[in-house]
file protein.cif (mmCIF, C-alpha atoms)
data_final
loop_
_atom_site.label_atom_id
_atom_site.label_comp_id
_atom_site.auth_asym_id
_atom_site.auth_seq_id
_atom_site.Cartn_x
_atom_site.Cartn_y
_atom_site.Cartn_z
CA MET A 25 18.86 -36.04 15.43
CA LEU A 26 17.94 -32.50 16.45
CA ASP A 27 20.20 -31.25 13.64
CA LEU A 28 18.21 -33.26 11.14
CA PHE A 29 14.88 -31.84 12.32
CA LEU A 30 16.26 -28.30 12.42
CA PHE A 31 17.28 -28.70 8.79
CA ALA A 32 14.41 -30.78 7.40
CA ILE A 33 11.41 -28.85 8.73
CA PRO A 34 12.47 -25.35 7.54
CA ALA A 35 13.75 -26.88 4.28
CA ALA A 36 10.34 -28.47 3.65
CA PHE A 37 8.67 -25.11 4.26
CA VAL A 38 11.14 -23.36 1.94
CA LEU A 39 10.32 -25.73 -0.92
CA ALA A 40 6.56 -25.69 -0.20
CA GLY A 41 6.53 -21.88 -0.28
CA ALA A 42 8.55 -21.87 -3.52
CA LEU A 43 6.07 -24.28 -5.12
CA ILE A 44 3.16 -22.04 -4.02
CA VAL A 45 4.95 -19.10 -5.67
CA ILE A 46 5.06 -20.79 -9.07
CA PHE A 47 1.74 -22.68 -8.98
CA ALA A 48 -0.85 -20.47 -7.22
CA LYS A 49 -3.31 -18.62 -9.47
CA ASN A 50 -4.13 -15.70 -7.17
CA PRO A 51 -1.19 -13.24 -6.94
CA VAL A 52 -1.84 -12.70 -3.21
CA HIS A 53 -1.31 -16.43 -2.62
CA ASN A 54 1.94 -16.28 -4.59
CA ALA A 55 3.12 -13.42 -2.39
CA MET A 56 2.19 -15.35 0.77
CA GLY A 57 4.10 -18.38 -0.53
CA LEU A 58 7.13 -16.13 -1.02
CA VAL A 59 6.76 -14.87 2.58
CA LEU A 60 6.74 -18.51 3.77
CA THR A 61 9.92 -19.24 1.78
CA LEU A 62 11.72 -16.13 3.05
CA ALA A 63 10.77 -16.69 6.71
CA SER A 64 11.80 -20.37 6.58
CA LEU A 65 15.08 -19.37 4.94
CA ALA A 66 15.70 -17.05 7.89
CA VAL A 67 15.36 -20.10 10.17
CA VAL A 68 17.84 -21.98 7.99
CA TYR A 69 20.24 -19.02 8.29
CA ILE A 70 19.98 -19.17 12.08
CA THR A 71 20.90 -22.87 12.04
CA LEU A 72 23.92 -21.84 9.94
CA ASN A 73 25.01 -19.34 12.65
CA ALA A 74 24.16 -16.29 10.50
CA THR A 75 21.88 -14.59 13.02
CA PHE A 76 22.27 -11.00 11.81
CA VAL A 77 21.60 -11.92 8.19
CA ALA A 78 18.54 -13.89 9.35
CA MET A 79 17.15 -10.82 11.10
CA VAL A 80 17.87 -8.59 8.07
CA GLN A 81 16.16 -11.21 5.91
CA MET A 82 13.03 -11.01 8.06
CA LEU A 83 13.00 -7.19 8.23
CA VAL A 84 14.01 -6.29 4.67
CA TYR A 85 12.68 -9.21 2.63
CA ALA A 86 9.70 -10.60 4.53
CA GLY A 87 8.86 -7.13 5.83
CA ALA A 88 9.63 -4.34 3.38
CA VAL A 89 9.97 -6.05 0.00
CA MET A 90 6.86 -8.19 0.46
CA THR A 91 4.83 -5.17 1.59
CA LEU A 92 5.87 -3.46 -1.63
CA PHE A 93 4.80 -6.52 -3.63
CA LEU A 94 1.42 -6.64 -1.90
CA PHE A 95 0.90 -2.90 -2.47
CA VAL A 96 1.49 -3.35 -6.20
CA ILE A 97 -0.78 -6.42 -6.32
CA MET A 98 -3.53 -4.36 -4.67
CA MET A 99 -2.93 -1.48 -7.11
CA ILE A 100 -3.06 -3.44 -10.33
CA GLY A 101 -5.80 -5.86 -9.25
CA VAL A 102 -5.81 -9.41 -7.96
CA ASP A 103 -8.63 -10.86 -10.05
CA LYS A 104 -6.90 -10.49 -13.41
CA ALA A 105 -6.90 -13.94 -15.00
CA GLU A 106 -3.49 -14.84 -16.31
CA GLN A 107 -3.32 -15.00 -20.07
CA THR A 108 -2.97 -18.61 -21.16
CA LYS A 109 -2.91 -18.27 -24.94
CA GLU A 110 0.55 -18.37 -26.47
CA GLU A 111 1.28 -15.09 -28.26
CA ILE A 112 4.82 -15.77 -29.37
CA LYS A 113 5.39 -18.49 -31.96
CA GLY A 114 7.48 -21.46 -30.83
CA GLN A 115 7.65 -20.24 -27.25
CA THR A 116 6.39 -23.54 -25.82
CA PHE A 117 9.14 -25.48 -27.56
CA LEU A 118 11.82 -23.01 -26.50
CA VAL A 119 10.71 -23.19 -22.86
CA LEU A 120 10.46 -27.00 -22.95
CA GLY A 121 13.92 -27.20 -24.49
CA THR A 122 15.41 -24.92 -21.85
CA LEU A 123 13.77 -26.86 -19.01
CA ILE A 124 14.94 -30.20 -20.42
CA LEU A 125 18.45 -28.75 -20.72
CA LEU A 126 18.38 -27.56 -17.09
CA GLY A 127 16.92 -30.87 -15.90
CA SER A 128 19.50 -33.00 -17.68
CA LEU A 129 22.32 -30.76 -16.49
CA LEU A 130 21.21 -31.08 -12.85
CA THR A 131 20.64 -34.83 -13.18
CA TYR A 132 24.11 -35.23 -14.66
CA ILE A 133 25.68 -33.26 -11.80
CA VAL A 134 23.75 -35.16 -9.12
CA ILE A 135 24.47 -38.60 -10.61
CA ASN A 136 28.13 -37.77 -11.13
CA SER A 137 28.66 -36.44 -7.61
CA GLY A 138 26.26 -38.71 -5.73
CA PHE A 139 25.15 -35.76 -3.57
CA LYS A 140 28.76 -35.12 -2.52
CA TRP A 141 29.84 -31.80 -3.97
CA ASP A 142 33.57 -31.36 -4.38
CA LEU A 143 34.23 -28.49 -1.97
CA TRP A 144 38.07 -28.35 -2.21
CA PHE A 145 38.37 -28.10 1.58
CA PRO A 146 36.65 -30.04 4.35
CA ALA A 147 34.42 -28.08 6.70
CA VAL A 148 36.28 -26.13 9.38
CA ASP A 149 35.90 -27.45 12.92
CA TYR A 150 35.36 -24.05 14.55
CA SER A 151 32.13 -22.13 14.00
CA ILE A 152 31.89 -18.44 13.20
CA GLU A 153 28.98 -16.45 14.63
CA GLY A 154 27.45 -13.91 12.27
CA THR A 155 26.65 -11.45 15.03
CA PRO A 156 26.31 -7.69 14.29
CA ASP A 157 29.70 -6.82 15.83
CA VAL A 158 31.58 -9.47 13.84
CA LEU A 159 29.84 -8.39 10.63
CA ALA A 160 30.34 -4.69 11.31
CA GLY A 161 34.01 -5.24 12.11
CA SER A 162 34.56 -6.48 8.57
CA LEU A 163 31.95 -4.34 6.80
CA PHE A 164 33.19 -1.00 8.12
CA THR A 165 36.89 -1.72 7.61
CA SER A 166 37.69 -3.90 4.56
CA TRP A 167 34.36 -3.42 2.77
CA ILE A 168 33.69 0.25 3.47
CA PHE A 169 33.96 1.29 -0.22
CA PRO A 170 31.31 -1.18 -1.52
CA PHE A 171 29.16 -0.12 1.42
CA GLU A 172 29.29 3.54 0.37
CA VAL A 173 28.68 2.64 -3.29
CA ILE A 174 25.60 0.64 -2.31
CA SER A 175 24.19 3.66 -0.47
CA ILE A 176 24.46 5.67 -3.71
CA LEU A 177 22.68 2.82 -5.50
CA LEU A 178 19.81 2.97 -3.02
CA ILE A 179 19.38 6.72 -3.48
CA VAL A 180 19.42 6.32 -7.28
CA ALA A 181 16.81 3.54 -7.06
CA ALA A 182 14.53 5.57 -4.80
CA THR A 183 14.79 8.62 -7.08
CA ALA A 184 14.13 6.48 -10.15
CA ALA A 185 11.04 4.92 -8.56
CA ILE A 186 9.62 8.35 -7.74
CA ALA A 187 10.39 9.62 -11.25
CA LEU A 188 8.67 6.56 -12.79
CA ALA A 189 5.59 6.68 -10.59
CA TYR A 190 5.10 10.45 -10.74
CA ASP A 191 2.17 11.01 -13.07
CA THR A 192 2.36 14.51 -14.54
CA LYS A 193 -0.96 14.18 -16.37
CA THR A 194 -3.22 13.46 -13.39
CA ARG A 195 -1.28 16.02 -11.39
CA ARG A 196 -2.24 18.75 -13.84
CA ASP A 197 -5.91 17.72 -13.71
CA ASP A 198 -5.91 18.11 -9.94
CA ASP A 199 -4.63 21.65 -10.01
CA MET B 13 22.49 -41.25 12.98
CA ILE B 14 22.33 -38.97 9.98
CA GLU B 15 24.56 -35.93 10.02
CA VAL B 16 23.47 -32.76 8.24
CA THR B 17 26.40 -31.72 6.07
CA THR B 18 27.12 -28.83 3.72
CA ASP B 19 25.92 -30.92 0.76
CA TRP B 20 22.37 -30.90 2.11
CA TYR B 21 22.22 -27.14 2.19
CA LEU B 22 23.70 -26.89 -1.29
CA THR B 23 21.11 -29.37 -2.56
CA LEU B 24 18.35 -27.25 -1.01
CA ALA B 25 19.78 -24.15 -2.69
CA ALA B 26 19.93 -25.96 -6.04
CA LEU B 27 16.30 -27.08 -5.72
CA LEU B 28 15.19 -23.56 -4.78
CA PHE B 29 17.06 -22.08 -7.74
CA SER B 30 15.51 -24.65 -10.10
CA ILE B 31 11.99 -23.91 -8.86
CA GLY B 32 12.60 -20.19 -9.37
CA PHE B 33 13.98 -20.82 -12.85
CA ILE B 34 11.01 -23.00 -13.85
CA GLY B 35 8.61 -20.33 -12.58
CA MET B 36 10.48 -17.67 -14.56
CA MET B 37 10.08 -19.80 -17.70
CA VAL B 38 6.40 -20.77 -17.41
CA ARG B 39 4.59 -17.83 -15.78
CA LYS B 40 3.56 -14.82 -17.85
CA ASN B 41 2.54 -12.37 -15.14
CA ALA B 42 5.38 -9.88 -14.67
CA LEU B 43 4.80 -9.70 -10.90
CA ILE B 44 5.11 -13.46 -10.45
CA MET B 45 8.23 -13.51 -12.63
CA PHE B 46 9.65 -10.93 -10.23
CA MET B 47 8.89 -13.23 -7.28
CA CYS B 48 10.70 -16.04 -9.11
CA ILE B 49 13.75 -13.78 -9.47
CA GLU B 50 13.58 -13.28 -5.69
CA LEU B 51 13.53 -17.08 -5.24
CA MET B 52 16.67 -17.42 -7.35
CA LEU B 53 18.44 -14.61 -5.48
CA ASN B 54 17.58 -16.30 -2.20
CA ALA B 55 18.96 -19.60 -3.42
CA VAL B 56 22.25 -17.83 -4.14
CA ASN B 57 22.15 -16.20 -0.69
CA LEU B 58 21.69 -19.62 0.89
CA THR B 59 24.76 -20.84 -0.98
CA PHE B 60 26.76 -17.87 0.34
CA ILE B 61 25.68 -18.50 3.95
CA THR B 62 26.49 -22.20 3.60
CA ALA B 63 29.95 -21.28 2.31
CA SER B 64 30.38 -18.94 5.29
CA LYS B 65 29.70 -21.83 7.66
CA HIS B 66 31.76 -24.34 5.68
CA PHE B 67 34.90 -22.21 5.36
CA GLY B 68 34.55 -20.30 8.64
CA GLN B 69 34.69 -16.88 6.96
CA ILE B 70 32.53 -13.80 7.51
CA GLU B 71 32.91 -12.34 3.99
CA PRO B 72 30.13 -14.46 2.38
CA GLN B 73 27.66 -12.96 4.85
CA ILE B 74 28.75 -9.47 3.76
CA SER B 75 28.11 -10.51 0.14
CA VAL B 76 24.61 -11.61 1.20
CA PHE B 77 24.13 -8.19 2.75
CA PHE B 78 25.01 -6.50 -0.55
CA VAL B 79 22.82 -8.90 -2.54
CA LEU B 80 19.91 -8.03 -0.24
CA VAL B 81 20.36 -4.30 -0.86
CA VAL B 82 20.65 -4.75 -4.63
CA ALA B 83 17.55 -6.98 -4.63
CA ALA B 84 15.58 -4.36 -2.70
CA ALA B 85 16.65 -1.62 -5.14
CA GLU B 86 15.80 -3.86 -8.09
CA VAL B 87 12.32 -4.60 -6.72
CA VAL B 88 11.63 -0.90 -6.15
CA VAL B 89 12.54 0.08 -9.72
CA GLY B 90 10.95 -3.02 -11.30
CA LEU B 91 7.63 -2.60 -9.55
CA ALA B 92 7.57 1.11 -10.43
CA ILE B 93 8.05 0.15 -14.09
CA ILE B 94 5.27 -2.47 -13.88
CA VAL B 95 2.88 0.05 -12.31
CA SER B 96 3.62 2.74 -14.90
CA ILE B 97 3.17 0.23 -17.76
CA PHE B 98 -0.05 -1.02 -16.20
CA LYS B 99 -1.42 2.53 -16.15
CA LYS B 100 -1.03 2.70 -19.93
CA GLN B 101 -1.80 -0.87 -21.02
CA GLU B 102 -4.02 -2.38 -18.30
CA THR B 103 -2.05 -5.64 -18.28
CA ALA B 104 0.92 -7.17 -16.50
CA SER B 105 1.42 -10.00 -18.98
CA VAL B 106 4.89 -9.99 -20.49
CA ASP B 107 3.73 -11.40 -23.84
CA ILE B 108 1.41 -8.49 -24.53
CA LEU B 109 3.97 -5.95 -23.34
CA ARG B 110 6.10 -6.27 -26.43
CA SER B 111 6.05 -2.57 -27.18
CA SER B 112 8.94 -1.99 -24.79
CA ARG B 113 11.42 -3.69 -27.10
CA GLY B 114 13.67 -1.51 -29.19
#

call {"tool": "encode", "arguments": {"input": "protein.cif", "output": "structure tokens"}}
result
Amino acid sequence: MLDLFLFAIPAAFVLAGALIVIFAKNPVHNAMGLVLTLASLAVVYITLNATFVAMVQMLVYAGAVMTLFLFVIMMIGVDKAEQTKEEIKGQTFLVLGTLILLGSLLTYIVINSGFKWDLWFPAVDYSIEGTPDVLAGSLFTSWIFPFEVISILLIVAATAAIALAYDTKTRRDDD
Amino acid sequence: MIEVTTDWYLTLAALLFSIGFIGMMVRKNALIMFMCIELMLNAVNLTFITASKHFGQIEPQISVFFVLVVAAAEVVVGLAIIVSIFKKQETASVDILRSSRG
């Protein structure tokens, strides 16, 4: 019974936050809904024995990425009303068609499987703990090359962000 | 007595992905579309973690780690682009920002 509560309560918060993200009008509310989703997902990760990933989720996603989002929302203004007029011809029909396609696809899968996905293997009876030492043992041995590549990616992204945000025009006015 | 199985987590991930996809389709504000991309990425991460538990392997969690880093890099560059476009055009609506196409 405890299992059920530990799944159902965070899952309800995950979906509620996701719905806030797509329905709220004020961008700050959308961002807060996303924080709710990310934090509840961290709880779900803990129930799945992935403790390190849950902590990284809280620090990187709910901490750093959301701060960045809020900064940008503050910079470009929160009171901008979203444009509701359709600018592109036939867009409504295209979107409706895509959503109907997605909906029917999911319904077909759910009806066909009856909520029992075919997972090839049954669940293992032992549980693996995603603690930092277990993760590091694999990350720094078998996966060391992707790890190094990803560090290059981060440097490139940081440099690109600075290059994009650096405004040469206002800089010259200041001098 | 109801047992929480892998299927439940996969269903949650599917629902989360669908919500993100619907948001991506209907919203026009570039920032909110970005948040919907984050929702979809997180749905995939949840699938990875569920697989890690189901199969008793640590590698899916390492994939999640990499996805997190790529998502952070993507947000940094994407938001920088939105800010620099906003400086020129005073809008974050993707319909008006059609000048960026080739």

call {"tool": "resolve_selection", "arguments": {"input": "protein.cif", "expression": "the PyMOL selection byres ((chain B) within 6 of (chain A))", "output": "list in words"}}
result
Gly35, His66, Phe67, Gly68, Ala85, Val89 and Ala92 of chain B

call {"tool": "residues_around", "arguments": {"input": "protein.cif", "residues": "Leu53 of chain B", "least_positions_apart": "4", "cutoff": "8 Å", "atoms": "only C-alpha atoms", "output": "PyMOL selection string"}}
result
chain B and resi 29+49+57+79+83

call {"tool": "closest_residue", "arguments": {"input": "protein.cif", "among": "A:Ile33, A:Ile135, A:Leu94, A:Ala63", "to": "Met79 of chain A", "atoms": "only C-alpha atoms"}}
result
A:Ala63

call {"tool": "closest_residue", "arguments": {"input": "protein.cif", "among": "B:Ala42, B:Val76, B:Val82, B:Val106", "to": "Thr59 of chain B", "atoms": "only C-alpha atoms"}}
result
B:Val76

call {"tool": "atom_distance", "arguments": {"input": "protein.cif", "atom1": "atom CA of Glu172 of chain A", "atom2": "atom CA of Val81 of chain B"}}
result
11.9 Å

call {"tool": "closest_residue", "arguments": {"input": "protein.cif", "among": "A:Val52, A:Thr165, A:Ser137, A:Thr131", "to": "Thr91 of chain A", "atoms": "all atoms listed in the file"}}
result
A:Val52

call {"tool": "atom_distance", "arguments": {"input": "protein.cif", "atom1": "atom CA of Thr62 of chain B", "atom2": "atom CA of Leu22 of chain B"}}
result
7.3 Å

call {"tool": "residues_around", "arguments": {"input": "protein.cif", "residues": "Leu91 of chain B", "least_positions_apart": "3", "cutoff": "8 Å", "atoms": "all atoms listed in the file", "output": "number ranges by chain"}}
result
A: 93, 96; B: 43, 87-88, 94-95

call {"tool": "write_last_selection", "arguments": {"input": "protein.cif", "atoms": "C-alpha atoms", "output": "compact mmCIF listing (two decimals), keeping the file's coordinate frame"}}
result
# COMPACT_ATOMS: atom_id res chain seq x y z
CA PHE A 93 4.80 -6.52 -3.63
CA VAL A 96 1.49 -3.35 -6.20
CA LEU B 43 4.80 -9.70 -10.90
CA VAL B 87 12.32 -4.60 -6.72
CA VAL B 88 11.63 -0.90 -6.15
CA ILE B 94 5.27 -2.47 -13.88
CA VAL B 95 2.88 0.05 -12.31

call {"tool": "atom_distance", "arguments": {"input": "protein.cif", "atom1": "atom CA of Gly114 of chain A", "atom2": "atom CA of Ser128 of chain A"}}
result
21.2 Å

call {"tool": "residues_around", "arguments": {"input": "protein.cif", "residues": "Pro72 of chain B", "least_positions_apart": "6", "cutoff": "8 Å", "atoms": "all atoms listed in the file", "output": "PyMOL selection string"}}
result
chain B and resi 60-61+63-64

call {"tool": "closest_residue", "arguments": {"input": "protein.cif", "among": "B:Phe98, B:Glu86, B:Gln73, B:Ile14", "to": "Met47 of chain B", "atoms": "only C-alpha atoms"}}
result
B:Glu86
